[in-house]
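Reviewing the structure listed below.
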Amino acid sequence: MRIINKKLQSPARFVLGAIPFVALIATYTFASHIRRAENPADKLLPSLEAMGNAFYRMAFVADKRSGDYLLWVDTIDSLVRLGSGIAVSTIFALVLGIGIGFIPHIRASLAPFVSAISLIPPITILPILFIVFGLGELSKIMLIVVGTMPVMVRSMAQAVIDIPREMIIKAETLGASVWQMITRVVLPQTLPQLIMSIRLGLVPAWIFLISAEAIASTSGLGYRIFLVRRFLAMDVILPYVLWITLLAFLIDRLLLALSKRAFRWHHLSGESL
Amino acid sequence: MSISPKISVSAVSKHYDSVPILERVNLDVETGNFCTIVGASGCGKSTFLRLLLSQELPTRGTIELDGQVLPDEPTPNRGIVFQRYSTFPHLSVEENLILGDEFEQSRTLGRLFGNARNKSREKVQDTLQKIGLYEARNKYPSQLSGGMQQRLAIAQALLKEPEVLLLDEPFGALDPGIRQDMHELLLGLWEELSMTIFMVTHDIAEAFKLGTRLLVFDKIRHDPDEPSAFGATITYDLPLAEKHNQPPPDAHDLFGKPAK
């Protein structure tokens, strides 16, 4: 039988999926063991136990100076920034995406502009944002907006354009006005794509969040890992990286689950990643 | 006394980027006719249907409905069923059917709630039974077979009670057996509602079986050096009043000969 026709049973699939993770952890433990055998005070590759202790300290022991539980404060601050930025981008993606995709005049006047804006490397805007909006929350949120909005707008506009013309014509013959076509045909058909573009937008959003926090902030996950970098505190940095990855993964899965639940018609055929 | 035609097409041409597709098409069709349109691929029969729908506008000439020039965009008095994408995939069968009501009665939201919605749902129960989709009323179109989807598309178009129904190869993707059932359904609805129907098909037998009038689109003039130099027009216009008594003629006789 050809290899592309093999169907994997669930234990085999689980084992195959686990292999890269196990290999990575095993390699790390081995390398860490060798380094610490040479120098017990090694900071670069701390033991799993040391990382566990550091994570426990960040999460469940109040900080001596501020009395806060740092991991949770960092997480909440970062998620609020991420969420605000993505929310603003989503609203723009909806309004501009449908406008550009559906109304010829808006498309003619805004599509080239959005395409041009989306080519500006967002991080180059950061100094401008700091100057204009100061070093507070607003400039961090704005960086996420600038970094994610143009791409999300374009993907929404494309989703609207991709609605088969036959469906729009059919709605017209059923007597729909432009507004009714937007609320009953265009919007519901493109909402699954909106969730997809949020999921894709979250990837650069995390990058810009961490960058902004690293450069000018007094809290947040990005701020923390760049702060402890000064002390080579890999036992804090590595668990934080894992924690950020876990958060990103959970948000992504949550959005996928939401899409599957709310737009069942969209997921009836084919696999979704 | 002459009956004024329902649809009157006079000297219509359609060019795409100056390439002629249709040339000098003239046609008068009375109310209640079932016109079937056949022709080779790319001969402009679907273009003609799109002109009747105002999905596209003629380059020259006019099309009149009841003596009035057609508006520039699709309107509810002309219903349409396409080969694909005719139903809304995000709405269940029942929601697809009440959508027309919702557009009409709720101008701002396009959505009905409570009593108004129930009333509209009751209205479509008969339709659901007639097209055999009552059991499937809560399913999405992609969960239905091709034949069921087209029954839904036809019913959805007919609920607006259009004066003219346009069908663009509606059964092209269906199995022969299912096509047979669809013919029965369509002829029944046509007799009941006394609409004027235009149907594009590539199946000659289907065209003869369903139509009261058969229109053949083909090119009259050919330039061997430049095949796209001339557009097509109606080369045959056959009344099929006694269609059930005569066997369908050989398809090859219909093409390639100019009209007398």
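Chain labels A, B, ... are given in the sequence in which chains occur in the structure tokens; within each chain residues are numbered consecutively from 1, and ligands are likewise numbered from 1 in the order shown.
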Near Ser92 in chain B, within 6 Å and counting only C-alpha atoms, which residues show up once chain neighbours fewer than 3 positions away are dropped, as an NGL selection string? :B and (95 or 138-140)
Non-local contacts of Gly147 in chain B (9 Å; only C-alpha atoms; under 5 positions in same chain excluded) as a ChimeraX atom specification: /B:152,171,173-175,178-179,181-182
Taking only C-alpha atoms into account, which residues of chain B are within 8 Å of chain A, as a ChimeraX atom specification? /B:55,74-82,84-91,99-100,103-104,107-111,140,142-143,157,160
Of the candidates A:Leu250, A:Leu187, A:Ala216, A:Met156, which one gets nearest to Gly134 in chain A if we count only C-alpha atoms? A:Ala216
All strand (DSSP E or B) positions in range 12-245 of chain B, as an mmCIF file with N, CA and C atoms, in the first residue's frame:
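Output below, filename states.cif:
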```
data_model
loop_
_atom_site.group_PDB
_atom_site.id
_atom_site.type_symbol
_atom_site.label_atom_id
_atom_site.label_comp_id
_atom_site.auth_asym_id
_atom_site.auth_seq_id
_atom_site.Cartn_x
_atom_site.Cartn_y
_atom_site.Cartn_z
ATOM 1 N N VAL B 12 -30.751 43.350 -29.882
ATOM 2 C CA VAL B 12 -29.790 43.347 -28.771
ATOM 3 C C VAL B 12 -28.453 42.757 -29.192
ATOM 4 N N SER B 13 -27.378 43.476 -28.882
ATOM 5 C CA SER B 13 -26.026 42.950 -29.051
ATOM 6 C C SER B 13 -25.315 43.041 -27.710
ATOM 7 N N LYS B 14 -24.388 42.120 -27.495
ATOM 8 C CA LYS B 14 -23.580 42.185 -26.278
ATOM 9 C C LYS B 14 -22.127 41.931 -26.644
ATOM 10 N N HIS B 15 -21.267 42.868 -26.281
ATOM 11 C CA HIS B 15 -19.832 42.719 -26.546
ATOM 12 C C HIS B 15 -19.110 42.671 -25.212
ATOM 13 N N TYR B 16 -18.085 41.834 -25.125
ATOM 14 C CA TYR B 16 -17.180 41.884 -23.975
ATOM 15 C C TYR B 16 -15.847 42.410 -24.479
ATOM 16 N N VAL B 19 -15.307 42.248 -28.050
ATOM 17 C CA VAL B 19 -15.518 40.958 -28.710
ATOM 18 C C VAL B 19 -17.022 40.687 -28.711
ATOM 19 N N PRO B 20 -17.641 40.556 -29.895
ATOM 20 C CA PRO B 20 -19.088 40.346 -29.897
ATOM 21 C C PRO B 20 -19.446 38.934 -29.440
ATOM 22 N N ILE B 21 -20.409 38.852 -28.536
ATOM 23 C CA ILE B 21 -20.906 37.550 -28.097
ATOM 24 C C ILE B 21 -22.275 37.311 -28.729
ATOM 25 N N LEU B 22 -23.124 38.308 -28.613
ATOM 26 C CA LEU B 22 -24.453 38.220 -29.211
ATOM 27 C C LEU B 22 -24.607 39.354 -30.213
ATOM 28 N N GLU B 23 -25.302 39.066 -31.321
ATOM 29 C CA GLU B 23 -25.532 40.080 -32.344
ATOM 30 C C GLU B 23 -26.994 40.106 -32.717
ATOM 31 N N ARG B 24 -27.561 41.276 -32.799
ATOM 32 C CA ARG B 24 -28.894 41.493 -33.367
ATOM 33 C C ARG B 24 -29.895 40.408 -32.970
ATOM 34 N N VAL B 25 -30.082 40.235 -31.687
ATOM 35 C CA VAL B 25 -31.056 39.251 -31.224
ATOM 36 C C VAL B 25 -32.419 39.922 -31.142
ATOM 37 N N ASN B 26 -33.417 39.322 -31.788
ATOM 38 C CA ASN B 26 -34.789 39.826 -31.725
ATOM 39 C C ASN B 26 -35.693 38.698 -31.262
ATOM 40 N N LEU B 27 -36.589 39.023 -30.333
ATOM 41 C CA LEU B 27 -37.429 37.954 -29.797
ATOM 42 C C LEU B 27 -38.629 38.571 -29.088
ATOM 43 N N ASP B 28 -39.823 37.998 -29.335
ATOM 44 C CA ASP B 28 -41.014 38.366 -28.561
ATOM 45 C C ASP B 28 -41.549 37.103 -27.914
ATOM 46 N N VAL B 29 -41.781 37.170 -26.626
ATOM 47 C CA VAL B 29 -42.278 35.986 -25.925
ATOM 48 C C VAL B 29 -43.533 36.359 -25.152
ATOM 49 N N PHE B 34 -42.785 28.650 -22.135
ATOM 50 C CA PHE B 34 -41.635 27.989 -21.524
ATOM 51 C C PHE B 34 -40.588 27.888 -22.618
ATOM 52 N N CYS B 35 -39.641 28.849 -22.635
ATOM 53 C CA CYS B 35 -38.624 28.874 -23.685
ATOM 54 C C CYS B 35 -37.411 28.099 -23.229
ATOM 55 N N THR B 36 -37.012 27.126 -24.005
ATOM 56 C CA THR B 36 -35.762 26.441 -23.704
ATOM 57 C C THR B 36 -34.722 26.944 -24.695
ATOM 58 N N ILE B 37 -33.514 27.167 -24.171
ATOM 59 C CA ILE B 37 -32.452 27.774 -24.966
ATOM 60 C C ILE B 37 -31.300 26.785 -25.061
ATOM 61 N N VAL B 38 -30.933 26.426 -26.312
ATOM 62 C CA VAL B 38 -29.810 25.504 -26.478
ATOM 63 C C VAL B 38 -28.799 26.142 -27.419
ATOM 64 N N GLY B 39 -27.633 25.539 -27.469
ATOM 65 C CA GLY B 39 -26.586 26.063 -28.340
ATOM 66 C C GLY B 39 -25.254 25.518 -27.890
ATOM 67 N N ARG B 60 -25.957 47.086 -27.186
ATOM 68 C CA ARG B 60 -26.915 47.818 -28.030
ATOM 69 C C ARG B 60 -28.257 47.132 -27.925
ATOM 70 N N GLY B 61 -29.321 47.888 -28.274
ATOM 71 C CA GLY B 61 -30.658 47.310 -28.290
ATOM 72 C C GLY B 61 -31.325 47.381 -26.931
ATOM 73 N N THR B 62 -32.588 46.976 -26.873
ATOM 74 C CA THR B 62 -33.331 47.063 -25.608
ATOM 75 C C THR B 62 -34.089 45.773 -25.344
ATOM 76 N N ILE B 63 -34.309 45.530 -24.071
ATOM 77 C CA ILE B 63 -35.172 44.429 -23.648
ATOM 78 C C ILE B 63 -36.296 45.042 -22.837
ATOM 79 N N GLU B 64 -37.547 44.709 -23.203
ATOM 80 C CA GLU B 64 -38.696 45.256 -22.472
ATOM 81 C C GLU B 64 -39.462 44.146 -21.792
ATOM 82 N N LEU B 65 -39.925 44.447 -20.587
ATOM 83 C CA LEU B 65 -40.795 43.534 -19.858
ATOM 84 C C LEU B 65 -42.118 44.267 -19.685
ATOM 85 N N GLN B 68 -42.060 47.883 -20.655
ATOM 86 C CA GLN B 68 -41.142 48.778 -19.946
ATOM 87 C C GLN B 68 -39.714 48.277 -20.124
ATOM 88 N N VAL B 69 -38.791 49.198 -20.382
ATOM 89 C CA VAL B 69 -37.393 48.794 -20.487
ATOM 90 C C VAL B 69 -36.940 48.233 -19.141
ATOM 91 N N ARG B 78 -38.074 39.075 -11.523
ATOM 92 C CA ARG B 78 -37.402 38.058 -12.332
ATOM 93 C C ARG B 78 -36.606 37.143 -11.410
ATOM 94 N N GLY B 79 -37.071 35.899 -11.276
ATOM 95 C CA GLY B 79 -36.388 34.952 -10.386
ATOM 96 C C GLY B 79 -35.294 34.225 -11.134
ATOM 97 N N ILE B 80 -34.324 33.688 -10.394
ATOM 98 C CA ILE B 80 -33.192 33.025 -11.042
ATOM 99 C C ILE B 80 -32.815 31.762 -10.288
ATOM 100 N N VAL B 81 -32.467 30.722 -11.023
ATOM 101 C CA VAL B 81 -31.853 29.536 -10.440
ATOM 102 C C VAL B 81 -30.610 29.243 -11.255
ATOM 103 N N VAL B 164 -41.257 36.270 -14.335
ATOM 104 C CA VAL B 164 -40.375 35.560 -15.256
ATOM 105 C C VAL B 164 -39.394 34.755 -14.422
ATOM 106 N N LEU B 165 -39.251 33.468 -14.754
ATOM 107 C CA LEU B 165 -38.283 32.632 -14.047
ATOM 108 C C LEU B 165 -37.164 32.267 -15.015
ATOM 109 N N LEU B 166 -35.931 32.521 -14.594
ATOM 110 C CA LEU B 166 -34.772 32.245 -15.441
ATOM 111 C C LEU B 166 -33.996 31.081 -14.836
ATOM 112 N N LEU B 167 -33.698 30.094 -15.655
ATOM 113 C CA LEU B 167 -33.001 28.903 -15.160
ATOM 114 C C LEU B 167 -31.746 28.705 -15.997
ATOM 115 N N ASP B 168 -30.578 28.735 -15.356
ATOM 116 C CA ASP B 168 -29.317 28.598 -16.082
ATOM 117 C C ASP B 168 -28.748 27.199 -15.840
ATOM 118 N N THR B 196 -43.706 32.912 -17.057
ATOM 119 C CA THR B 196 -42.917 32.795 -18.271
ATOM 120 C C THR B 196 -41.547 32.270 -17.850
ATOM 121 N N ILE B 197 -41.103 31.211 -18.492
ATOM 122 C CA ILE B 197 -39.833 30.600 -18.079
ATOM 123 C C ILE B 197 -38.835 30.625 -19.239
ATOM 124 N N PHE B 198 -37.608 30.986 -18.925
ATOM 125 C CA PHE B 198 -36.499 30.820 -19.860
ATOM 126 C C PHE B 198 -35.527 29.847 -19.218
ATOM 127 N N MET B 199 -35.169 28.807 -19.947
ATOM 128 C CA MET B 199 -34.256 27.831 -19.368
ATOM 129 C C MET B 199 -33.135 27.500 -20.348
ATOM 130 N N VAL B 200 -31.906 27.730 -19.890
ATOM 131 C CA VAL B 200 -30.733 27.354 -20.681
ATOM 132 C C VAL B 200 -30.385 25.919 -20.348
ATOM 133 N N ARG B 213 -41.357 26.372 -26.570
ATOM 134 C CA ARG B 213 -40.672 27.087 -27.630
ATOM 135 C C ARG B 213 -39.181 26.843 -27.450
ATOM 136 N N LEU B 214 -38.540 26.469 -28.543
ATOM 137 C CA LEU B 214 -37.118 26.127 -28.455
ATOM 138 C C LEU B 214 -36.311 27.169 -29.212
ATOM 139 N N LEU B 215 -35.347 27.782 -28.527
ATOM 140 C CA LEU B 215 -34.500 28.786 -29.171
ATOM 141 C C LEU B 215 -33.100 28.217 -29.303
ATOM 142 N N VAL B 216 -32.560 28.253 -30.509
ATOM 143 C CA VAL B 216 -31.197 27.765 -30.731
ATOM 144 C C VAL B 216 -30.290 28.962 -30.993
ATOM 145 N N PHE B 217 -29.224 29.073 -30.228
ATOM 146 C CA PHE B 217 -28.254 30.150 -30.427
ATOM 147 C C PHE B 217 -27.060 29.608 -31.192
ATOM 148 N N ASP B 218 -26.691 30.314 -32.228
ATOM 149 C CA ASP B 218 -25.503 29.901 -32.982
ATOM 150 C C ASP B 218 -25.002 31.099 -33.779
ATOM 151 N N LYS B 219 -23.780 30.967 -34.321
ATOM 152 C CA LYS B 219 -23.235 32.041 -35.145
ATOM 153 C C LYS B 219 -23.728 31.883 -36.572
ATOM 154 N N ALA B 232 -23.116 35.398 -31.766
ATOM 155 C CA ALA B 232 -24.189 34.464 -32.086
ATOM 156 C C ALA B 232 -25.535 35.180 -32.041
ATOM 157 N N THR B 233 -26.524 34.552 -32.648
ATOM 158 C CA THR B 233 -27.884 35.067 -32.544
ATOM 159 C C THR B 233 -28.836 33.879 -32.539
ATOM 160 N N ILE B 234 -30.124 34.132 -32.543
ATOM 161 C CA ILE B 234 -31.079 33.026 -32.548
ATOM 162 C C ILE B 234 -31.209 32.506 -33.968
ATOM 163 N N THR B 235 -30.774 31.259 -34.202
ATOM 164 C CA THR B 235 -30.821 30.717 -35.554
ATOM 165 C C THR B 235 -32.067 29.865 -35.779
ATOM 166 N N TYR B 236 -32.624 29.287 -34.737
ATOM 167 C CA TYR B 236 -33.864 28.539 -34.857
ATOM 168 C C TYR B 236 -34.804 28.970 -33.755
ATOM 169 N N ASP B 237 -36.076 29.063 -34.090
ATOM 170 C CA ASP B 237 -37.077 29.436 -33.107
ATOM 171 C C ASP B 237 -38.267 28.523 -33.372
ATOM 172 N N LEU B 238 -38.286 27.376 -32.678
ATOM 173 C CA LEU B 238 -39.282 26.357 -32.987
ATOM 174 C C LEU B 238 -40.415 26.351 -31.983
ATOM 175 N N PRO B 239 -41.650 26.514 -32.423
ATOM 176 C CA PRO B 239 -42.760 26.305 -31.500
ATOM 177 C C PRO B 239 -42.903 24.810 -31.246
#
```
Per-residue DSSP, range 32-205 of chain A, filtered to alpha helix (DSSP H), as JSON, numbers by chain: {"A": [32, 33, 34, 35, 36, 37, 38, 48, 49, 50, 51, 52, 53, 54, 55, 56, 57, 58, 59, 60, 70, 71, 72, 73, 74, 75, 76, 77, 78, 79, 80, 81, 82, 83, 84, 85, 86, 87, 88, 89, 90, 91, 92, 93, 94, 95, 96, 97, 98, 99, 100, 101, 102, 104, 105, 106, 107, 108, 109, 110, 111, 112, 113, 114, 115, 116, 117, 126, 127, 128, 129, 130, 131, 132, 133, 137, 138, 139, 140, 141, 142, 143, 144, 145, 146, 147, 148, 149, 150, 151, 152, 153, 154, 155, 156, 157, 158, 159, 160, 161, 165, 166, 167, 168, 169, 170, 171, 172, 173, 178, 179, 180, 181, 187, 188, 189, 190, 191, 192, 193, 194, 195, 196, 197, 198, 199, 200, 201, 202, 203, 204, 205]}
Distance query Ala205 in chain A at most 12 Å, only C-alpha atoms, self and fewer than 5 positions along chain excluded, as a PyMOL selection string: chain A and resi 78-79+81-89+122-123+140-149+151-152+197-200+210-212+248
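Among the candidates A:Ile237, A:Val153, A:Leu246, A:Met1, the one nearest to Val95 in chain A when counting only C-alpha atoms is A:Val153.
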Write out as a PyMOL selection string each polymer residue whose atoms come within 8 Å of Met195 in chain B, counting only C-alpha atoms; drop sequence neighbours fewer than 3 positions from it. chain B and resi 31-33+162-165+190-191
Print the selection's residues with N, CA and C atoms to a file, as a tab-separated table (two decimals), in the first residue's frame.
```tsv
chain	number	residue	atom	x	y	z
B	31	THR	N	-46.71	35.79	-22.40
B	31	THR	CA	-46.86	35.28	-21.04
B	31	THR	C	-47.16	33.79	-21.04
B	32	GLY	N	-46.51	33.06	-20.13
B	32	GLY	CA	-46.82	31.65	-19.97
B	32	GLY	C	-46.02	30.74	-20.88
B	33	ASN	N	-45.16	31.31	-21.71
B	33	ASN	CA	-44.31	30.46	-22.55
B	33	ASN	C	-43.20	29.85	-21.72
B	162	PRO	N	-42.22	35.39	-9.00
B	162	PRO	CA	-41.71	36.21	-10.10
B	162	PRO	C	-42.58	36.02	-11.34
B	163	GLU	N	-42.63	37.06	-12.18
B	163	GLU	CA	-43.38	36.94	-13.44
B	163	GLU	C	-42.58	36.14	-14.45
B	164	VAL	N	-41.26	36.27	-14.34
B	164	VAL	CA	-40.37	35.56	-15.26
B	164	VAL	C	-39.39	34.75	-14.42
B	165	LEU	N	-39.25	33.47	-14.75
B	165	LEU	CA	-38.28	32.63	-14.05
B	165	LEU	C	-37.16	32.27	-15.02
B	190	TRP	N	-44.94	25.24	-13.14
B	190	TRP	CA	-45.12	26.17	-14.26
B	190	TRP	C	-46.61	26.26	-14.63
B	191	GLU	N	-47.27	25.09	-14.71
B	191	GLU	CA	-48.69	25.10	-15.04
B	191	GLU	C	-49.50	25.80	-13.95
```
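Coordinates place CA of Leu135 in chain A at a distance of 15.1 Å from CA of Gly222 in chain A.
With distances restricted to only C-alpha atoms, B:Glu30 is the closest residue to Ser194 in chain B from B:Arg117, B:Glu30, B:Ala11, B:Gly67.
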Using only C-alpha atoms, determine which residues lie at most 8 Å from range 159-161 of chain A, disregarding the query and same-chain residues fewer than 4 positions distant; provide the list as a list in words. Gly97, Ile98, Gly101, Phe102, Ser155, Val186, Thr190 and Gln193 of chain A
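Computed from the coordinates, the CA of Thr29 in chain A to CA of Leu232 in chain A distance equals 18.5 Å.
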